[in-house]
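The data block below is work_33.cif; it holds mmCIF, C-alpha atoms (C1' of nucleotides).
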```
data_entry
#
loop_
_atom_site.label_atom_id
_atom_site.label_comp_id
_atom_site.auth_asym_id
_atom_site.auth_seq_id
_atom_site.Cartn_x
_atom_site.Cartn_y
_atom_site.Cartn_z
CA MET A 1 74.76 39.69 109.60
CA GLU A 2 73.08 42.61 111.31
CA LYS A 3 76.19 44.43 112.44
CA ARG A 4 77.93 44.10 109.11
CA ALA A 5 75.12 46.03 107.50
CA ALA A 6 75.27 48.67 110.22
CA ILE A 7 79.01 49.06 109.72
CA LEU A 8 78.66 49.36 105.97
CA ALA A 9 75.89 51.92 106.35
CA ALA A 10 78.01 53.99 108.71
CA ALA A 11 81.00 53.76 106.39
CA LYS A 12 78.96 54.83 103.39
CA ARG A 13 77.66 57.81 105.28
CA LEU A 14 80.91 58.96 106.89
CA PHE A 15 83.29 58.42 103.98
CA ILE A 16 81.06 60.50 101.76
CA VAL A 17 80.81 63.35 104.23
CA HIS A 18 84.36 63.45 105.58
CA GLY A 19 86.41 61.72 102.90
CA PHE A 20 88.84 58.86 103.30
CA GLU A 21 91.48 60.47 105.50
CA GLY A 22 88.88 62.43 107.41
CA THR A 23 87.05 59.30 108.53
CA SER A 24 88.62 57.26 111.31
CA MET A 25 87.86 53.64 112.02
CA ASP A 26 86.87 54.70 115.53
CA ALA A 27 84.27 57.02 114.06
CA VAL A 28 82.86 54.25 111.88
CA ALA A 29 82.68 51.89 114.83
CA ALA A 30 81.02 54.47 117.04
CA ASP A 31 78.51 55.44 114.37
CA ALA A 32 77.64 51.79 113.75
CA GLY A 33 77.30 51.14 117.48
CA VAL A 34 79.91 48.38 117.54
CA SER A 35 83.48 47.99 118.64
CA LYS A 36 86.39 48.80 116.41
CA LEU A 37 87.56 45.22 116.38
CA THR A 38 84.22 44.14 115.00
CA VAL A 39 84.83 46.45 112.10
CA TYR A 40 88.22 44.90 111.51
CA SER A 41 86.88 41.36 111.81
CA HIS A 42 84.31 41.99 109.09
CA PHE A 43 86.40 44.09 106.74
CA GLY A 44 90.11 43.39 106.91
CA ASP A 45 91.40 46.94 106.88
CA LYS A 46 90.36 50.51 106.19
CA ASP A 47 91.15 50.26 102.51
CA SER A 48 88.85 47.30 101.99
CA LEU A 49 86.07 48.93 103.93
CA PHE A 50 86.38 52.04 101.81
CA ARG A 51 86.28 49.97 98.65
CA GLU A 52 83.16 48.11 99.75
CA ALA A 53 81.40 51.29 100.80
CA VAL A 54 82.11 53.08 97.54
CA ARG A 55 81.15 50.07 95.46
CA ALA A 56 77.83 49.80 97.28
CA ARG A 57 77.20 53.51 96.81
CA CYS A 58 77.86 53.29 93.08
CA ARG A 59 75.58 50.34 92.63
CA GLU A 60 72.62 51.90 94.35
CA MET A 61 73.15 55.37 92.96
CA LEU A 62 72.73 54.84 89.26
CA PRO A 63 69.25 53.74 88.23
CA ASP A 64 69.63 52.25 84.80
CA ASP A 65 66.10 53.10 83.74
CA VAL A 66 67.02 56.77 83.68
CA TYR A 67 68.47 56.28 80.24
CA VAL A 68 65.89 53.87 78.95
CA VAL A 69 63.12 55.98 77.49
CA PRO A 70 60.62 55.23 74.75
CA ILE A 71 61.18 57.26 71.60
CA ASP A 72 57.73 56.90 70.16
CA GLY A 73 56.85 60.50 70.89
CA ALA A 74 58.87 63.62 70.09
CA ILE A 75 62.62 63.19 70.42
CA ARG A 76 62.86 66.45 72.33
CA ASP A 77 60.59 65.16 75.08
CA ALA A 78 62.59 61.97 75.42
CA LEU A 79 65.87 63.87 75.66
CA LEU A 80 64.38 66.25 78.20
CA LEU A 81 63.27 63.33 80.33
CA ILE A 82 66.79 61.94 80.39
CA ALA A 83 68.32 65.38 80.85
CA ARG A 84 66.26 66.26 83.91
CA ALA A 85 66.85 62.93 85.60
CA HIS A 86 70.57 63.05 84.92
CA ALA A 87 70.85 66.64 86.13
CA ARG A 88 69.17 65.72 89.39
CA LEU A 89 71.43 62.72 89.82
CA MET A 90 74.77 64.34 89.09
CA THR A 91 74.26 67.22 91.50
CA SER A 92 72.82 65.11 94.30
CA PRO A 93 74.62 65.20 97.65
CA GLU A 94 75.36 61.48 97.35
CA VAL A 95 77.14 61.76 94.02
CA ILE A 96 79.03 64.91 94.95
CA GLY A 97 80.12 63.41 98.24
CA THR A 98 81.22 60.18 96.63
CA TRP A 99 83.22 62.02 93.99
CA ARG A 100 84.94 64.12 96.63
CA ALA A 101 85.73 61.07 98.71
CA ILE A 102 87.22 59.30 95.72
CA LEU A 103 89.15 62.30 94.49
CA SER A 104 90.60 62.98 97.89
CA ASP A 105 92.18 59.56 97.54
CA CYS A 106 93.36 59.95 93.92
CA ARG A 107 96.90 61.18 94.35
CA GLU A 108 99.60 60.80 91.72
CA GLY A 109 99.58 57.28 90.24
CA ASN A 110 96.91 55.72 92.41
CA PRO A 111 93.91 54.80 90.27
CA ARG A 112 92.61 52.03 92.49
CA MET A 113 89.29 53.66 93.38
CA GLY A 114 88.96 56.26 90.66
CA GLN A 115 88.86 53.74 87.87
CA MET A 116 86.22 51.73 89.69
CA LEU A 117 83.97 54.73 90.24
CA TRP A 118 84.33 55.75 86.62
CA GLU A 119 83.32 52.34 85.38
CA GLU A 120 80.45 51.90 87.83
CA GLY A 121 79.10 55.39 87.28
CA PRO A 122 79.75 57.72 84.35
CA ALA A 123 80.85 54.95 82.00
CA ARG A 124 77.55 53.13 82.48
CA SER A 125 75.62 56.36 81.93
CA GLN A 126 77.52 56.88 78.70
CA ALA A 127 76.93 53.36 77.48
CA LEU A 128 73.21 53.48 78.21
CA LEU A 129 72.81 56.87 76.59
CA GLU A 130 74.76 55.64 73.59
CA GLN A 131 72.24 52.85 73.14
CA PHE A 132 69.40 55.33 73.29
CA LEU A 133 71.03 57.68 70.78
CA HIS A 134 71.75 54.80 68.44
CA ALA A 135 68.09 53.83 68.48
CA ALA A 136 67.04 57.44 67.96
CA ALA A 137 69.40 57.77 65.01
CA ASP A 138 68.10 54.54 63.48
CA ALA A 139 64.56 55.80 63.92
CA GLY A 140 65.47 58.86 61.88
CA HIS A 141 65.21 61.43 64.64
CA LEU A 142 68.87 62.34 64.82
CA ASP A 143 71.77 62.73 62.41
CA LEU A 144 74.84 61.69 64.37
CA PRO A 145 78.24 61.54 62.68
CA ASP A 146 79.67 59.71 65.72
CA VAL A 147 77.29 58.19 68.23
CA HIS A 148 79.82 57.70 71.00
CA ARG A 149 81.07 61.26 70.71
CA ALA A 150 77.51 62.53 70.64
CA ALA A 151 76.74 60.69 73.86
CA VAL A 152 79.77 62.19 75.58
CA GLN A 153 78.84 65.61 74.27
CA PHE A 154 75.26 65.37 75.50
CA LEU A 155 76.38 64.42 78.98
CA SER A 156 78.99 67.17 78.94
CA LEU A 157 76.39 69.75 78.00
CA LEU A 158 74.18 68.49 80.79
CA LYS A 159 76.96 68.94 83.29
CA GLY A 160 77.74 72.43 82.15
CA ASP A 161 79.49 74.15 84.99
CA LEU A 162 76.97 72.92 87.55
CA GLN A 163 78.73 69.80 88.75
CA THR A 164 82.08 71.54 89.00
CA ARG A 165 80.69 74.46 90.96
CA ARG A 166 78.89 71.99 93.17
CA LEU A 167 82.08 70.03 93.78
CA PHE A 168 83.95 73.17 94.68
CA GLY A 169 81.20 74.23 97.04
CA CYS A 170 80.26 77.36 95.10
CA ILE A 171 76.62 76.31 95.08
CA ASN A 172 74.66 74.04 97.34
CA CYS A 173 71.52 72.09 96.67
CA ALA A 174 69.14 74.97 97.31
CA GLU A 175 65.97 75.59 95.33
CA SER A 176 67.64 78.17 93.12
CA ALA A 177 70.22 75.60 92.15
CA GLU A 178 67.45 73.18 91.26
CA ALA A 179 65.91 75.77 88.97
CA GLU A 180 69.27 76.54 87.40
CA ALA A 181 69.87 72.85 86.79
CA LEU A 182 66.56 72.45 85.00
CA ALA A 183 67.16 75.53 82.88
CA ASN A 184 70.61 74.23 82.01
CA ALA A 185 69.17 70.84 81.06
CA GLU A 186 66.73 72.49 78.70
CA GLY A 187 69.51 74.59 77.19
CA ALA A 188 71.56 71.45 76.64
CA VAL A 189 68.73 69.69 74.82
CA ASP A 190 68.13 72.76 72.69
CA MET A 191 71.72 72.99 71.59
CA PHE A 192 71.99 69.26 71.02
CA LEU A 193 68.99 69.36 68.72
CA ARG A 194 70.24 72.46 66.89
CA ALA A 195 73.33 70.47 66.05
CA TYR A 196 72.00 66.97 65.48
CA ALA A 197 68.24 66.99 64.88
CA ARG A 198 67.27 65.64 61.48
CA GLU A 199 63.90 67.36 61.34
CA LEU A 200 63.17 70.50 63.31
CA MET B 1 113.20 86.30 101.82
CA GLU B 2 115.07 83.45 100.14
CA LYS B 3 113.86 80.62 102.32
CA ARG B 4 110.27 81.74 102.24
CA ALA B 5 110.25 81.34 98.48
CA ALA B 6 111.87 77.91 98.76
CA ILE B 7 109.25 76.80 101.26
CA LEU B 8 106.41 78.05 99.11
CA ALA B 9 107.86 76.34 96.05
CA ALA B 10 108.17 73.06 97.92
CA ALA B 11 104.64 73.38 99.26
CA LYS B 12 103.21 74.09 95.82
CA ARG B 13 104.95 71.04 94.44
CA LEU B 14 104.16 68.59 97.23
CA PHE B 15 100.57 69.58 97.98
CA ILE B 16 99.69 69.19 94.32
CA VAL B 17 101.28 65.78 94.04
CA HIS B 18 100.34 64.25 97.39
CA GLY B 19 97.33 66.28 98.48
CA PHE B 20 96.76 68.03 101.78
CA GLU B 21 96.71 65.08 104.16
CA GLY B 22 99.41 63.28 102.22
CA THR B 23 101.90 66.11 102.65
CA SER B 24 103.57 66.49 106.03
CA MET B 25 105.23 69.61 107.28
CA ASP B 26 108.39 67.56 107.69
CA ALA B 27 108.31 66.75 104.01
CA VAL B 28 107.87 70.40 103.07
CA ALA B 29 110.74 71.43 105.32
CA ALA B 30 113.01 68.71 103.96
CA ASP B 31 112.16 69.51 100.35
CA ALA B 32 112.79 73.20 100.95
CA GLY B 33 116.06 72.46 102.69
CA VAL B 34 115.10 74.20 105.91
CA SER B 35 114.01 73.19 109.35
CA LYS B 36 110.41 72.59 110.25
CA LEU B 37 110.32 75.48 112.66
CA THR B 38 111.35 77.83 109.87
CA VAL B 39 108.27 76.74 108.00
CA TYR B 40 106.11 77.47 111.01
CA SER B 41 107.76 80.83 111.60
CA HIS B 42 106.97 81.98 108.06
CA PHE B 43 103.51 80.45 107.72
CA GLY B 44 101.61 80.11 110.96
CA ASP B 45 100.22 76.62 110.44
CA LYS B 46 99.65 73.97 107.81
CA ASP B 47 96.28 75.35 106.80
CA SER B 48 97.72 78.78 106.01
CA LEU B 49 100.60 77.28 104.07
CA PHE B 50 98.18 75.23 102.01
CA ARG B 51 96.08 78.29 101.34
CA GLU B 52 99.08 80.33 100.21
CA ALA B 53 100.43 77.56 97.99
CA VAL B 54 97.13 76.92 96.25
CA ARG B 55 96.44 80.61 95.80
CA ALA B 56 99.81 81.09 94.14
CA ARG B 57 99.18 78.10 91.86
CA CYS B 58 95.81 79.42 90.78
CA ARG B 59 97.22 82.82 89.91
CA GLU B 60 100.02 81.56 87.75
CA MET B 61 98.10 78.78 86.01
CA LEU B 62 95.69 80.59 83.69
CA PRO B 63 97.28 82.44 80.78
CA ASP B 64 94.70 85.03 79.77
CA ASP B 65 95.87 85.25 76.19
CA VAL B 66 94.54 81.76 75.52
CA TYR B 67 91.08 83.19 75.03
CA VAL B 68 92.08 86.35 73.20
CA VAL B 69 92.20 85.44 69.54
CA PRO B 70 91.70 87.59 66.45
CA ILE B 71 88.54 86.75 64.52
CA ASP B 72 89.53 88.25 61.23
CA GLY B 73 89.97 84.84 59.61
CA ALA B 74 87.58 81.89 59.67
CA ILE B 75 85.65 81.47 62.93
CA ARG B 76 86.42 77.76 62.93
CA ASP B 77 90.14 78.39 63.03
CA ALA B 78 89.80 80.83 65.89
CA LEU B 79 87.67 78.39 67.89
CA LEU B 80 90.11 75.57 67.18
CA LEU B 81 92.96 77.69 68.47
CA ILE B 82 91.14 78.31 71.73
CA ALA B 83 89.96 74.72 71.94
CA ARG B 84 93.41 73.19 71.60
CA ALA B 85 94.98 75.54 74.13
CA HIS B 86 92.19 74.99 76.63
CA ALA B 87 92.33 71.23 76.19
CA ARG B 88 96.04 71.22 76.90
CA LEU B 89 95.57 73.40 79.95
CA MET B 90 92.69 71.55 81.59
CA THR B 91 94.36 68.15 81.40
CA SER B 92 97.80 69.36 82.50
CA PRO B 93 99.31 67.75 85.59
CA GLU B 94 99.33 71.12 87.34
CA VAL B 95 95.61 71.73 86.92
CA ILE B 96 94.62 68.16 87.74
CA GLY B 97 96.83 68.14 90.80
CA THR B 98 95.51 71.45 92.01
CA TRP B 99 91.90 70.36 91.55
CA ARG B 100 92.53 67.19 93.49
CA ALA B 101 94.26 69.07 96.27
CA ILE B 102 91.40 71.53 96.51
CA LEU B 103 88.72 68.86 96.40
CA SER B 104 90.39 66.88 99.13
CA ASP B 105 89.78 69.96 101.25
CA CYS B 106 86.18 70.55 100.10
CA ARG B 107 84.37 68.28 102.49
CA GLU B 108 80.90 69.04 103.80
CA GLY B 109 80.27 72.77 104.11
CA ASN B 110 83.73 74.15 103.59
CA PRO B 111 83.88 76.24 100.43
CA ARG B 112 86.81 78.42 101.42
CA MET B 113 89.31 77.06 98.89
CA GLY B 114 86.94 75.71 96.29
CA GLN B 115 85.30 79.04 95.67
CA MET B 116 88.68 80.68 95.27
CA LEU B 117 89.84 78.14 92.70
CA TRP B 118 86.60 78.48 90.78
CA GLU B 119 86.89 82.24 90.61
CA GLU B 120 90.59 82.28 89.77
CA GLY B 121 90.32 79.53 87.17
CA PRO B 122 87.19 78.36 85.37
CA ALA B 123 85.23 81.55 86.03
CA ARG B 124 87.93 83.64 84.36
CA SER B 125 88.06 81.25 81.42
CA GLN B 126 84.31 81.56 81.04
CA ALA B 127 84.36 85.35 81.21
CA LEU B 128 87.14 85.65 78.65
CA LEU B 129 85.50 83.18 76.29
CA GLU B 130 82.22 85.03 76.69
CA GLN B 131 83.90 88.22 75.51
CA PHE B 132 85.27 86.41 72.48
CA LEU B 133 81.90 84.86 71.61
CA HIS B 134 80.18 88.20 72.00
CA ALA B 135 82.59 89.74 69.52
CA ALA B 136 82.15 86.80 67.15
CA ALA B 137 78.38 87.14 67.33
CA ASP B 138 78.56 90.88 66.69
CA ALA B 139 80.79 90.22 63.69
CA GLY B 140 78.08 87.98 62.27
CA HIS B 141 79.93 84.68 62.56
CA LEU B 142 77.70 83.11 65.17
CA ASP B 143 74.03 83.09 66.05
CA LEU B 144 73.90 82.78 69.82
CA PRO B 145 70.57 82.88 71.66
CA ASP B 146 72.40 83.21 74.99
CA VAL B 147 76.06 84.17 74.97
CA HIS B 148 76.79 83.16 78.54
CA ARG B 149 75.17 79.77 78.10
CA ALA B 150 77.02 79.27 74.82
CA ALA B 151 80.34 79.95 76.56
CA VAL B 152 79.56 77.41 79.27
CA GLN B 153 78.48 74.91 76.63
CA PHE B 154 81.63 75.35 74.58
CA LEU B 155 83.84 74.78 77.58
CA SER B 156 81.74 71.78 78.61
CA LEU B 157 82.11 70.25 75.18
CA LEU B 158 85.83 70.80 75.36
CA LYS B 159 86.04 68.98 78.65
CA GLY B 160 84.03 66.05 77.41
CA ASP B 161 84.89 63.15 79.63
CA LEU B 162 88.62 63.82 79.44
CA GLN B 163 89.09 65.92 82.53
CA THR B 164 86.94 63.64 84.65
CA ARG B 165 88.77 60.51 83.54
CA ARG B 166 92.03 62.33 84.15
CA LEU B 167 90.93 63.33 87.65
CA PHE B 168 89.93 59.77 88.45
CA GLY B 169 93.24 58.47 87.15
CA CYS B 170 91.72 56.46 84.31
CA ILE B 171 94.09 58.09 81.83
CA ASN B 172 97.43 59.72 82.31
CA CYS B 173 99.13 62.35 80.21
CA ALA B 174 100.53 59.94 77.66
CA GLU B 175 100.80 60.63 73.95
CA SER B 176 97.62 58.74 73.16
CA ALA B 177 95.76 60.97 75.59
CA GLU B 178 97.18 64.01 73.83
CA ALA B 179 95.83 62.74 70.52
CA GLU B 180 92.45 61.98 72.05
CA ALA B 181 92.30 65.46 73.53
CA LEU B 182 92.96 67.07 70.17
CA ALA B 183 90.37 64.90 68.45
CA ASN B 184 87.88 65.77 71.14
CA ALA B 185 88.63 69.48 70.74
CA GLU B 186 87.95 69.25 67.02
CA GLY B 187 84.71 67.38 67.66
CA ALA B 188 83.64 70.06 70.11
CA VAL B 189 84.24 72.84 67.60
CA ASP B 190 82.37 70.90 64.91
CA MET B 191 79.32 70.42 67.07
CA PHE B 192 79.40 73.99 68.34
CA LEU B 193 79.38 75.28 64.78
CA ARG B 194 76.65 72.86 63.70
CA ALA B 195 74.50 74.42 66.38
CA TYR B 196 75.50 78.06 66.31
CA ALA B 197 77.28 78.94 63.07
CA ARG B 198 75.46 81.57 61.04
CA GLU B 199 77.08 80.67 57.76
CA LEU B 200 78.47 77.23 57.09
"C1'" DG C 1 116.04 83.76 112.39
"C1'" DT C 2 117.34 79.20 112.55
"C1'" DC C 3 118.18 74.69 114.41
"C1'" DT C 4 117.60 69.99 117.45
"C1'" DA C 5 114.73 67.75 120.54
"C1'" DT C 6 110.32 67.02 122.42
"C1'" DA C 7 105.37 67.42 123.96
"C1'" DT C 8 100.89 65.99 122.68
"C1'" DA C 9 97.44 63.79 120.29
"C1'" DG C 10 95.05 60.88 116.92
"C1'" DC C 11 94.91 56.94 114.13
"C1'" DG C 12 95.37 52.10 112.27
"C1'" DA C 13 95.77 47.72 113.79
"C1'" DT C 14 96.17 43.98 117.49
"C1'" DA C 15 96.31 41.11 122.04
"C1'" DG C 16 93.79 38.68 125.19
"C1'" DA C 17 89.42 37.86 127.92
"C1'" DC C 18 84.54 36.56 127.59
"C1'" DG D 1 81.87 36.95 117.28
"C1'" DT D 2 82.37 40.61 120.28
"C1'" DC D 3 84.39 43.61 123.65
"C1'" DT D 4 88.13 46.72 126.47
"C1'" DA D 5 92.67 48.10 126.59
"C1'" DT D 6 96.86 48.93 124.31
"C1'" DC D 7 100.91 49.10 121.05
"C1'" DG D 8 103.40 51.53 117.53
"C1'" DC D 9 103.62 54.96 114.45
"C1'" DT D 10 103.19 59.41 112.49
"C1'" DA D 11 102.12 64.22 112.34
"C1'" DT D 12 101.24 68.95 114.10
"C1'" DA D 13 103.01 72.23 116.80
"C1'" DT D 14 106.27 74.11 120.36
"C1'" DA D 15 110.34 74.81 123.91
"C1'" DG D 16 114.80 76.14 124.51
"C1'" DA D 17 119.72 76.67 122.72
"C1'" DC D 18 122.71 79.03 119.25
#
```
Could you write out this file's structure as structure tokens?
Amino acid sequence: MEKRAAILAAAKRLFIVHGFEGTSMDAVAADAGVSKLTVYSHFGDKDSLFREAVRARCREMLPDDVYVVPIDGAIRDALLLIARAHARLMTSPEVIGTWRAILSDCREGNPRMGQMLWEEGPARSQALLEQFLHAAADAGHLDLPDVHRAAVQFLSLLKGDLQTRRLFGCINCAESAEAEALANAEGAVDMFLRAYAREL
Amino acid sequence: MEKRAAILAAAKRLFIVHGFEGTSMDAVAADAGVSKLTVYSHFGDKDSLFREAVRARCREMLPDDVYVVPIDGAIRDALLLIARAHARLMTSPEVIGTWRAILSDCREGNPRMGQMLWEEGPARSQALLEQFLHAAADAGHLDLPDVHRAAVQFLSLLKGDLQTRRLFGCINCAESAEAEALANAEGAVDMFLRAYAREL
DNA sequence: GTCTATATAGCGATAGAC
DNA sequence: GTCTATCGCTATATAGAC
């Protein structure tokens, strides 16, 4: 059970850096320090290996407690806490690489992996945030006409153009980008509260 | 100069549907009705052909007049006009296909194509929308603390989770998706005005 | 300029020995 | 279970004839 872990680790690393087509089974085997046949004996074919690697990545990438925040204090502070954590997550090299790997495989009518990543990642973020917003609305902090829509909107504001520019390689994870992400997160919270705060 | 156009047209179509790796030079030649060597004689190699095809796509995809709207009437109507047009554009098969094709080429540190697409597409949308918002603010319709940020936020709200789910293949361009996109556009305008409208 | 035929190489998957 | 060696296929790019 030692080599299987090594293979999976190599696959997770390589697929995210070089994409599906750009990663050969030889490369995975070499990186894991095993033979290619060992790879095939553990994971039937390249497709299955890719699936396993992406699934593992998704599971370990999204910490649920990011969106579970006490709302006893000011609502702005709670939202800021979520915003900063989410901003850091969505622009991380792991997430960007995983998205690229998935999207490089999402041609025409081929939703095998894309749907999985959506459900394991962004959909869970949305659901957790929705719970938080529902609680905040019940507690009287927010006035939300549609909680689900508000959750989607908050996450969209957080993304801004940062994730897209990151995906396209216009910005890398330098310090300036970090600062921009934090500023953008604050701007998102500000606008969200201008629209939905019950008491300023 | 007839065959060159046919080759470029075939390349634009195939690369966007099947991606870079998924499109062979044989396929391009066959689709264009010419021999493979003719393709190579016109465009040095596959990389150059891909570059040319994507560049052409980017140029022809963004109609500037989408973001040039008179603001003599109600600001909400003007924003809705922009919102609906942008929503239709960003979820179109052409845009989604082009994004996928580009992203399949954006591995590791390779921003050659991604940066181009960003500048030819989203960056121009942002700039044009920023002009519109500036005019709307000057006319007293909106109260914008930061015009650039507001433009990014409006476009982010418009995207919502639609473009991402479309990219990942979770939804296709069916009629229900069209309805969802319009509803989302309206929700985006509503929230934007809740936050930034000077006079309700 | 354009075609058919081919060189060359890389990749996914497997056979057979240990 | 694991390895070395290999098959079969496909794709990029080119050589030589018309």
Neighbour list for stretch 15-24 of chain A as a tab-separated table (two decimals) with C-alpha atoms (C1' of nucleotides), in the coordinates of the input, cut-off 10 Å, all atoms listed in the file, skip fewer than 5 positions in-chain:
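Saved result, selection15.tsv, follows:
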```tsv
chain	number	residue	atom	x	y	z
A	10	ALA	CA	78.01	53.99	108.71
A	29	ALA	CA	82.68	51.89	114.83
A	30	ALA	CA	81.02	54.47	117.04
A	46	LYS	CA	90.36	50.51	106.19
A	47	ASP	CA	91.15	50.26	102.51
A	49	LEU	CA	86.07	48.93	103.93
A	50	PHE	CA	86.38	52.04	101.81
A	53	ALA	CA	81.40	51.29	100.80
A	54	VAL	CA	82.11	53.08	97.54
A	57	ARG	CA	77.20	53.51	96.81
A	93	PRO	CA	74.62	65.20	97.65
A	94	GLU	CA	75.36	61.48	97.35
A	95	VAL	CA	77.14	61.76	94.02
A	96	ILE	CA	79.03	64.91	94.95
A	97	GLY	CA	80.12	63.41	98.24
A	98	THR	CA	81.22	60.18	96.63
A	99	TRP	CA	83.22	62.02	93.99
A	100	ARG	CA	84.94	64.12	96.63
A	101	ALA	CA	85.73	61.07	98.71
A	102	ILE	CA	87.22	59.30	95.72
A	103	LEU	CA	89.15	62.30	94.49
A	104	SER	CA	90.60	62.98	97.89
A	105	ASP	CA	92.18	59.56	97.54
B	20	PHE	CA	96.76	68.03	101.78
B	21	GLU	CA	96.71	65.08	104.16
B	22	GLY	CA	99.41	63.28	102.22
B	103	LEU	CA	88.72	68.86	96.40
B	104	SER	CA	90.39	66.88	99.13
B	105	ASP	CA	89.78	69.96	101.25
B	106	CYS	CA	86.18	70.55	100.10
B	107	ARG	CA	84.37	68.28	102.49
B	108	GLU	CA	80.90	69.04	103.80
B	109	GLY	CA	80.27	72.77	104.11
C	10	DG	C1'	95.05	60.88	116.92
C	11	DC	C1'	94.91	56.94	114.13
C	12	DG	C1'	95.37	52.10	112.27
```
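Every residue that the PyMOL selection byres ((chain D and resi 10-14) around 10) selects in this file is listed here: Glu21, Thr23, Ser24, Met25, Asp26, Lys36, Leu37, Tyr40, Gly44, Asp45 and Lys46 of chain B; DT6, DA7, DT8, DA9, DG10 and DC11 of chain C; DG8, DC9, DA15 and DG16 of chain D.
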Chain D contacts to chain A at 9 Å (only C-alpha atoms (C1' of nucleotides)) as a PyMOL selection string: chain D and resi 1-3
Create the file for the chosen residues now, containing C-alpha atoms (C1' of nucleotides) and written as a PDB file, in the frame of the given file.
```
ATOM      1  C1'  DG D   1      81.870  36.950 117.280  1.00  0.00           C
ATOM      2  C1'  DT D   2      82.370  40.610 120.280  1.00  0.00           C
ATOM      3  C1'  DC D   3      84.390  43.610 123.650  1.00  0.00           C
TER       4       DC D   3
END
```
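Between atom CA of A:Tyr67 and atom CA of A:Ser125 lies a distance of 7.3 Å.
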Correct to one decimal, the distance atom CA of B:Arg55-atom CA of B:Ala127 is 19.5 Å
Do you know which residues are at most 8 Å from stretch 118-124 of chain A counting all atoms listed in the file, after dropping those on the same chain fewer than 5 positions away, and could you put them as a PyMOL selection string? (chain A and resi 55+58-59+62) or (chain B and resi 165+168+170)
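Here, the PyMOL selection byres ((chain D and resi 7) around 10) matches DA13, DT14 and DA15 of chain C; DA5, DT6, DG8 and DC9 of chain D.
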Check: which chain C residues lie within 9 Å of chain B using all atoms listed in the file, as a compact mmCIF listing (two decimals) with C-alpha atoms (C1' of nucleotides), in the coordinates of the input:
```txt
# COMPACT_ATOMS: atom_id res chain seq x y z
C1' DG C 1 116.04 83.76 112.39
C1' DT C 2 117.34 79.20 112.55
C1' DC C 3 118.18 74.69 114.41
```
I want to know what sits within 7 Å of stretch 138-148 of chain B, based on only C-alpha atoms (C1' of nucleotides), with residues of the same chain fewer than 5 positions away left out; could you give that as a ChimeraX atom specification? /B:75,130,133,196-199
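In this comparison, which uses all atoms listed in the file, the residue of A:His134, A:Lys159, A:Arg149, A:Lys3 approaching A:His86 most closely is A:Lys159.
With atom CA of A:Met90 on one side and atom CA of A:Leu8 on the other, the separation reads 22.9 Å.
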Minimum-distance residue to chain B, chosen among A:Ser156, A:Gln163, A:Ser92, A:Ser176 (using only C-alpha atoms): A:Ser156
Given all atoms listed in the file as the basis, pick out the residue of B:Leu129, B:Ala183, B:Ile71, B:Ala137 nearest to chain A. B:Ala183
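Each of A:Glu180, A:Arg51, A:Ile7, A:Leu157 was compared to B:Phe192 using only C-alpha atoms, and A:Leu157 turns out to be the nearest.
Comparing A:Pro70, A:Gly33, A:Gly114, A:Pro63 by their smallest distance to chain B, the closest is A:Gly114 (using all atoms listed in the file).
Shortest atom-to-atom contact with chain A among B:Ala32, B:Ala179, B:Val152, B:Val69: B:Val152, counting only C-alpha atoms.
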I'd like to see the residues matched by the PyMOL selection byres ((chain B and resi 78) around 12) on this file, and ideally I'd get them as a PyMOL selection string. chain B and resi 66-77+79-85+129+132-133+136+141+186+189+193
